[in-house]
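Source file: entry.txt; contents: compact mmCIF, C-alpha atoms.
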```txt
# COMPACT_ATOMS: atom_id res chain seq x y z
CA MET A 154 -100.25 42.24 91.21
CA GLU A 155 -101.94 39.09 92.42
CA LYS A 156 -102.52 35.98 90.35
CA THR A 157 -104.16 32.70 91.16
CA TYR A 158 -102.04 29.61 90.74
CA ALA A 159 -102.97 26.21 92.20
CA ASN A 160 -106.04 27.88 93.79
CA VAL A 161 -103.87 30.23 95.86
CA ASN A 162 -103.37 33.96 95.43
CA ILE A 163 -99.72 34.57 94.58
CA GLN A 164 -97.87 37.89 94.48
CA CYS A 165 -96.38 38.59 91.05
CA ASN A 166 -94.71 41.54 89.33
CA ASP A 167 -96.02 43.07 86.08
CA GLU A 168 -94.19 40.51 83.96
CA GLY A 169 -95.67 37.60 85.88
CA TYR A 170 -92.61 36.69 87.95
CA LEU A 171 -93.17 35.69 91.57
CA THR A 172 -91.97 38.29 94.04
CA ASP A 173 -91.63 35.82 96.93
CA LEU A 174 -90.13 32.38 96.40
CA GLU A 175 -91.70 31.31 99.75
CA GLN A 176 -95.10 31.26 98.01
CA TRP A 177 -93.84 28.80 95.42
CA ASN A 178 -94.56 25.09 95.33
CA LYS A 179 -94.58 22.48 92.57
CA GLU A 180 -98.29 22.99 91.85
CA VAL A 181 -97.74 26.72 91.38
CA GLY A 182 -94.79 25.93 89.07
CA THR A 183 -96.91 23.49 87.09
CA ASP A 184 -99.65 26.11 86.60
CA ILE A 185 -97.16 28.76 85.43
CA ALA A 186 -95.62 26.21 83.06
CA LYS A 187 -99.08 25.56 81.58
CA GLU A 188 -99.42 29.29 80.89
CA GLU A 189 -96.11 29.07 79.02
CA GLY A 190 -97.32 26.01 77.15
CA ILE A 191 -94.90 23.64 78.83
CA GLU A 192 -95.70 20.17 80.13
CA MET A 193 -93.31 19.62 83.04
CA THR A 194 -91.17 16.46 83.17
CA ASP A 195 -88.56 15.24 85.66
CA ARG A 196 -85.86 16.88 83.54
CA HIS A 197 -87.67 20.21 83.73
CA TRP A 198 -87.88 19.95 87.52
CA GLU A 199 -84.18 19.14 87.83
CA VAL A 200 -83.38 22.39 86.04
CA ILE A 201 -85.90 24.33 88.15
CA GLU A 202 -84.34 23.01 91.38
CA TYR A 203 -80.89 24.01 90.18
CA LEU A 204 -82.09 27.55 89.33
CA GLN A 205 -83.71 27.95 92.74
CA ASP A 206 -80.51 26.79 94.47
CA GLN A 207 -78.51 29.32 92.51
CA PHE A 208 -80.98 32.05 93.40
CA ARG A 209 -80.85 31.18 97.12
CA ASN A 210 -77.04 31.33 96.93
CA GLU A 211 -77.34 34.72 95.20
CA VAL A 212 -75.49 33.55 92.09
CA PRO A 213 -76.57 35.60 89.03
CA LEU A 214 -77.82 33.30 86.28
CA SER A 215 -76.72 33.14 82.65
CA ILE A 216 -77.13 30.60 79.86
CA ARG A 217 -73.38 30.06 80.00
CA LYS A 218 -73.46 29.17 83.70
CA VAL A 219 -76.43 26.84 83.29
CA GLY A 220 -74.57 25.12 80.43
CA LYS A 221 -71.51 24.63 82.61
CA SER A 222 -73.50 23.44 85.63
CA GLY A 223 -73.54 19.79 84.60
CA VAL A 224 -77.30 19.77 85.23
CA VAL A 225 -78.32 20.40 81.64
CA SER A 226 -76.53 21.19 78.38
CA ILE A 227 -77.36 24.41 76.54
CA LYS A 228 -78.89 22.39 73.74
CA GLU A 229 -81.22 20.50 76.09
CA PHE A 230 -82.01 23.69 78.01
CA TYR A 231 -83.39 25.14 74.75
CA GLN A 232 -85.28 21.94 74.02
CA LEU A 233 -86.93 22.00 77.45
CA PHE A 234 -87.90 25.69 77.31
CA PRO A 235 -87.88 26.59 73.58
CA LYS A 236 -89.48 30.02 73.80
CA GLY A 237 -86.71 31.51 75.95
CA PRO A 238 -84.92 29.07 78.25
CA LEU A 239 -83.63 31.32 81.02
CA LYS A 240 -86.60 33.67 81.05
CA ILE A 241 -89.31 31.04 81.11
CA SER A 242 -87.58 28.57 83.43
CA SER A 243 -86.99 31.39 85.94
CA ARG A 244 -90.65 32.28 85.85
CA ILE A 245 -91.67 28.67 86.47
CA ALA A 246 -89.08 28.45 89.26
CA GLY A 247 -90.61 31.46 91.01
CA ILE A 248 -87.39 33.47 90.92
CA PRO A 249 -86.82 36.96 89.42
CA LYS A 250 -86.28 37.45 85.69
CA PRO A 251 -82.52 37.19 85.02
CA VAL A 252 -80.85 40.36 83.81
CA SER A 253 -78.08 38.61 81.87
CA CYS A 254 -77.60 39.16 78.12
CA ILE A 255 -75.56 36.00 77.73
CA MET B 34 -90.09 67.59 72.61
CA GLU B 35 -91.91 69.77 70.09
CA ASN B 36 -89.92 68.45 67.15
CA THR B 37 -90.83 64.86 67.82
CA ILE B 38 -93.08 63.32 65.25
CA GLU B 39 -95.58 60.99 66.81
CA SER B 40 -95.05 57.48 65.64
CA PRO B 41 -98.18 56.02 64.09
CA VAL B 42 -96.90 52.58 65.01
CA GLU B 43 -96.93 53.24 68.75
CA LYS B 44 -100.58 54.20 68.75
CA LYS B 45 -101.74 50.89 67.40
CA GLN B 46 -100.57 48.73 70.26
CA ASP B 47 -102.61 45.75 69.14
CA ASN B 48 -100.98 45.82 65.71
CA LYS B 49 -97.54 45.13 67.17
CA LYS B 50 -95.72 42.53 65.14
CA PRO B 51 -93.21 40.46 67.10
CA ILE B 52 -89.70 39.86 65.76
CA LYS B 53 -89.56 36.26 64.64
CA LYS B 54 -86.14 35.98 63.09
CA MET B 55 -82.88 37.96 63.18
CA MET B 56 -80.61 37.58 60.17
CA LEU B 57 -77.23 39.07 61.06
CA ILE B 58 -74.44 39.75 58.57
CA LEU B 59 -70.98 40.01 60.09
CA SER B 60 -68.44 41.60 57.76
CA LYS B 61 -65.73 42.64 60.22
CA ALA B 62 -63.17 40.84 62.33
CA THR B 63 -62.55 43.32 65.13
CA ILE B 64 -63.54 41.99 68.52
CA ASP B 65 -66.12 44.69 69.25
CA ASN B 66 -68.01 43.94 66.03
CA VAL B 67 -67.80 40.18 66.48
CA TYR B 68 -69.14 40.38 70.02
CA ALA B 69 -71.90 42.80 69.07
CA CYS B 70 -73.03 40.28 66.48
CA PHE B 71 -72.76 37.26 68.78
CA ILE B 72 -74.57 38.95 71.66
CA LEU B 73 -77.40 40.04 69.36
CA ALA B 74 -77.72 36.53 67.91
CA ASN B 75 -77.59 34.87 71.31
CA GLY B 76 -79.91 37.45 72.85
CA ALA B 77 -82.46 36.72 70.15
CA ARG B 78 -82.41 33.00 70.91
CA MET B 79 -82.79 33.74 74.62
CA GLU B 80 -86.02 35.54 73.79
CA GLY B 81 -87.26 32.68 71.67
CA ILE B 82 -86.45 34.51 68.43
CA GLU B 83 -84.71 32.57 65.64
CA SER B 84 -81.29 33.84 64.61
CA GLU B 85 -78.78 33.23 61.85
CA ILE B 86 -75.36 34.75 61.13
CA PHE B 87 -73.86 35.17 57.66
CA PHE B 88 -70.10 35.55 57.94
CA THR B 89 -68.70 37.50 55.01
CA PHE B 90 -65.46 39.32 54.17
CA PHE B 91 -63.37 39.82 57.30
CA GLY B 92 -66.20 38.40 59.38
CA LEU B 93 -64.97 35.00 58.16
CA GLU B 94 -62.02 35.32 60.55
CA ALA B 95 -64.43 34.81 63.45
CA ILE B 96 -65.16 31.28 62.20
CA THR B 97 -61.68 30.43 60.88
CA LYS B 98 -60.23 27.85 63.30
CA LYS B 99 -56.72 29.27 63.41
CA LYS B 100 -57.76 32.91 63.63
CA LEU B 101 -60.80 33.13 65.86
CA GLU B 102 -58.81 33.14 69.07
CA HIS B 103 -56.56 35.95 67.87
CA LEU B 104 -59.07 38.65 67.00
CA HIS B 105 -58.14 42.19 67.98
CA VAL B 106 -59.73 45.47 68.85
CA ALA B 107 -58.61 48.23 66.46
CA THR B 108 -56.44 50.86 68.13
CA VAL B 109 -55.89 52.86 64.93
CA GLY B 110 -58.79 54.76 63.41
CA ASN B 111 -61.04 53.97 66.34
CA PRO B 112 -61.95 57.18 68.19
CA GLY B 113 -63.84 55.20 70.84
CA ILE B 114 -60.63 53.70 72.18
CA HIS B 115 -59.16 57.13 73.06
CA ILE B 116 -55.61 56.37 72.01
CA PRO B 117 -54.02 58.93 69.64
CA THR B 118 -53.69 57.37 66.19
CA MET B 119 -49.89 57.83 66.19
CA LEU B 120 -49.60 55.84 69.42
CA GLY B 121 -52.23 53.29 68.43
CA GLY B 122 -49.93 52.11 65.66
CA LEU B 123 -47.02 51.32 67.95
CA PRO B 124 -46.04 47.65 68.25
CA GLY B 125 -47.93 45.79 70.97
CA MET B 126 -50.60 48.47 71.33
CA GLU B 127 -53.37 46.41 69.77
CA ALA B 128 -52.40 43.36 71.78
CA LEU B 129 -52.47 45.36 75.01
CA ALA B 130 -55.85 46.95 74.30
CA THR B 131 -57.24 43.55 73.29
CA LYS B 132 -55.93 41.91 76.45
CA MET B 133 -57.53 44.58 78.60
CA MET B 134 -60.84 44.28 76.80
CA LYS B 135 -60.87 40.48 77.06
CA SER B 136 -60.21 40.58 80.78
CA GLU B 137 -63.09 43.02 81.29
CA MET B 138 -65.38 40.76 79.27
CA GLU B 139 -64.42 37.67 81.27
CA LYS B 140 -65.40 39.56 84.44
CA LEU B 141 -68.88 40.04 82.94
CA ASP B 142 -69.14 36.32 82.17
CA ILE B 143 -68.86 36.94 78.41
CA PRO B 144 -67.30 33.81 76.88
CA PRO B 145 -64.27 33.81 74.55
CA VAL B 146 -64.99 33.57 70.80
CA ASP B 147 -64.58 29.76 70.49
CA GLU B 148 -66.88 29.04 73.43
CA PHE B 149 -69.36 31.68 72.27
CA LEU B 150 -69.63 29.93 68.88
CA GLU B 151 -70.34 26.64 70.66
CA ILE B 152 -73.04 28.33 72.75
CA LEU B 153 -74.60 29.88 69.63
CA SER B 154 -74.62 26.56 67.81
CA ALA B 155 -76.12 24.74 70.81
CA SER B 156 -78.75 27.48 71.10
CA GLY B 157 -79.88 26.86 67.54
CA THR B 158 -78.31 29.91 65.88
CA LYS B 159 -77.45 28.99 62.30
CA LEU B 160 -73.90 29.84 61.26
CA TRP B 161 -73.28 30.39 57.54
CA ALA B 162 -70.12 31.25 55.60
CA CYS B 163 -70.29 33.48 52.52
CA LYS B 164 -69.25 31.60 49.39
CA LEU B 165 -67.93 34.59 47.49
CA ALA B 166 -65.78 35.81 50.39
CA MET B 167 -64.40 32.28 50.86
CA ASP B 168 -63.40 32.17 47.18
CA MET B 169 -61.86 35.61 47.48
CA PHE B 170 -59.73 34.68 50.48
CA HIS B 171 -58.98 31.18 49.05
CA LEU B 172 -60.51 29.65 52.15
CA GLU B 173 -61.46 25.98 52.16
CA LYS B 174 -64.33 24.71 54.31
CA ASP B 175 -61.98 22.56 56.41
CA LYS B 176 -60.32 25.74 57.70
CA LEU B 177 -63.63 26.83 59.21
CA ILE B 178 -65.20 25.69 62.49
CA ASP B 179 -66.89 22.28 62.68
CA ASP B 180 -70.12 23.83 63.97
CA LEU B 181 -70.62 25.68 60.67
CA ASP B 182 -74.05 24.96 59.17
CA GLY B 183 -72.94 25.49 55.60
CA VAL B 184 -71.73 27.79 52.83
CA LEU B 185 -74.27 30.10 51.23
CA THR B 186 -74.58 32.64 48.45
CA VAL B 187 -76.31 35.97 49.13
CA GLY B 188 -79.34 34.64 47.31
CA ASP B 189 -79.50 31.60 49.60
CA PHE B 190 -79.30 33.87 52.61
CA TYR B 191 -82.17 36.05 51.39
CA THR B 192 -84.26 32.98 50.73
CA ARG B 193 -83.71 31.93 54.32
CA ALA B 194 -84.85 35.40 55.43
CA GLU B 195 -88.29 34.95 53.89
CA GLY B 196 -91.32 35.34 56.08
CA ASP B 197 -93.11 37.81 58.35
CA GLY B 198 -91.16 39.29 61.23
CA THR B 199 -87.68 38.75 59.83
CA HIS B 200 -85.10 41.48 60.36
CA LEU B 201 -81.74 41.82 58.65
CA LEU B 202 -78.80 43.55 60.31
CA PHE B 203 -75.44 44.38 58.81
CA ILE B 204 -72.52 44.60 61.19
```

Write out the structure in this file as structure tokens.
Amino acid sequence: MEKTYANVNIQCNDEGYLTDLEQWNKEVGTDIAKEEGIEMTDRHWEVIEYLQDQFRNEVPLSIRKVGKSGVVSIKEFYQLFPKGPLKISSRIAGIPKPVSCI
Amino acid sequence: MENTIESPVEKKQDNKKPIKKMMLILSKATIDNVYACFILANGARMEGIESEIFFTFFGLEAITKKKLEHLHVATVGNPGIHIPTMLGGLPGMEALATKMMKSEMEKLDIPPVDEFLEILSASGTKLWACKLAMDMFHLEKDKLIDDLDGVLTVGDFYTRAEGDGTHLLFI
């Protein structure tokens, strides 16, 4: 499935997650965030960068790990992405939907 | 599947009503029940669904400071554990089974009970103690975790469940 973000055609899966992180840039992230009803701030971007680093290092993500990362507390993580922190932040970050239940 | 009755709900895709709130009632203190409850509550929050837990009867042990780290899996009367009942009752059996289960859970990045409660509280899950069960067990509020949101009666809990898209689950 192809979607247009920041005036570029981007490859996505059925749930709207990017299939290739190489196609991602901040403008694309900002557009996806708008779809999710989120206005990005510096704090949001710090979390996004952390998630992308973890993905590149092939570390599976969970709320628990994000909370222990020192980047953001669990409480703030929920405040930044209220409608589903891990799910929505991963989508904005251009990485696959996490499979964790925790 | 000739015996399957077609669900009228599935046909009306556009009438789907999202789950907005999960109200969980935890009445047991065995580790498997406590974790089932916590994972459901946490999983709801991760999907942007509100969640609340009402700890009643033995479920109170999961929020009692001195007890929450010593919860066990039941080795007697639990067919799922595959230990003959006569053996399950031997000294140390429960502790052994519990230790094995906890180590498997740690491998899956499932937090211990105390940390899980902190995660739930930080995620916005409301944690309530049942007033009647507290009276029954002569439990004072200071014996319960600091993250507790309060002590409720059943009526209070139902009032909190009001609204479209709320689901109640007894564990």

Report task. Kindly provide, as a list in words, the residues of chain B having any atom no farther than 7 Å from an atom of chain A, counting all atoms listed in the file. Result ->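 The selection requested is Ile72, Asn75, Gly76, Arg78, Met79, Glu80, Gly81, Ile143, Ile152, Ala155 and Ser156 of chain B.
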
Report task. Could you check which of A:Ile185, A:Leu171, A:Ala246, A:Leu233 is closest to Asp206 in chain A, using all atoms listed in the file? Result ->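 Smallest separation from Asp206 in chain A among the options: A:Ala246.
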
Query raised in the report: So how many Å separate CA of Leu123 in chain B and CA of Val109 in chain B, to one decimal?
Result: 9.5 Å

Requested in this report: With a distance cut-off of 10 Å and all atoms listed in the file, select the neighbouring residues of Thr108 in chain B, excluding the residue or stretch itself and same-chain residues fewer than 5 positions from it, and output the selection as a list in words.
Outcome: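 The neighbour list is Gly113, Ile114, His115, Ile116, Pro117, Thr118, Met119, Leu120, Gly121, Gly122, Leu123, Met126, Glu127, Ala128, Leu129, Ala130 and Thr131 of chain B.
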
Report task. Please indicate the distance in Å from CA of Gly188 in chain B to CA of Leu73 in chain B, rounded to one decimal place. Result -> 22.8 Å

Requested in this report: Give the answer as one residue: which of A:Arg196, A:Lys156, A:Lys179, A:Lys250 has the shortest atom-to-atom distance to Pro213 in chain A, using all atoms listed in the file?
Outcome: A:Lys250

Query - Neighbour residues at most 6 Å from (-76.2, 33.9, 57.7) (all atoms listed in the file) as a ChimeraX atom specification - result: /B:85-87,160-161,190

Query raised in the report: Using all atoms listed in the file, which of the listed residues (A:Ile191, A:Gln205, A:Val200, A:Arg244) sits closest to Val225 in chain A?
Result: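 Of the candidates, the smallest distance to Val225 in chain A is held by A:Val200.
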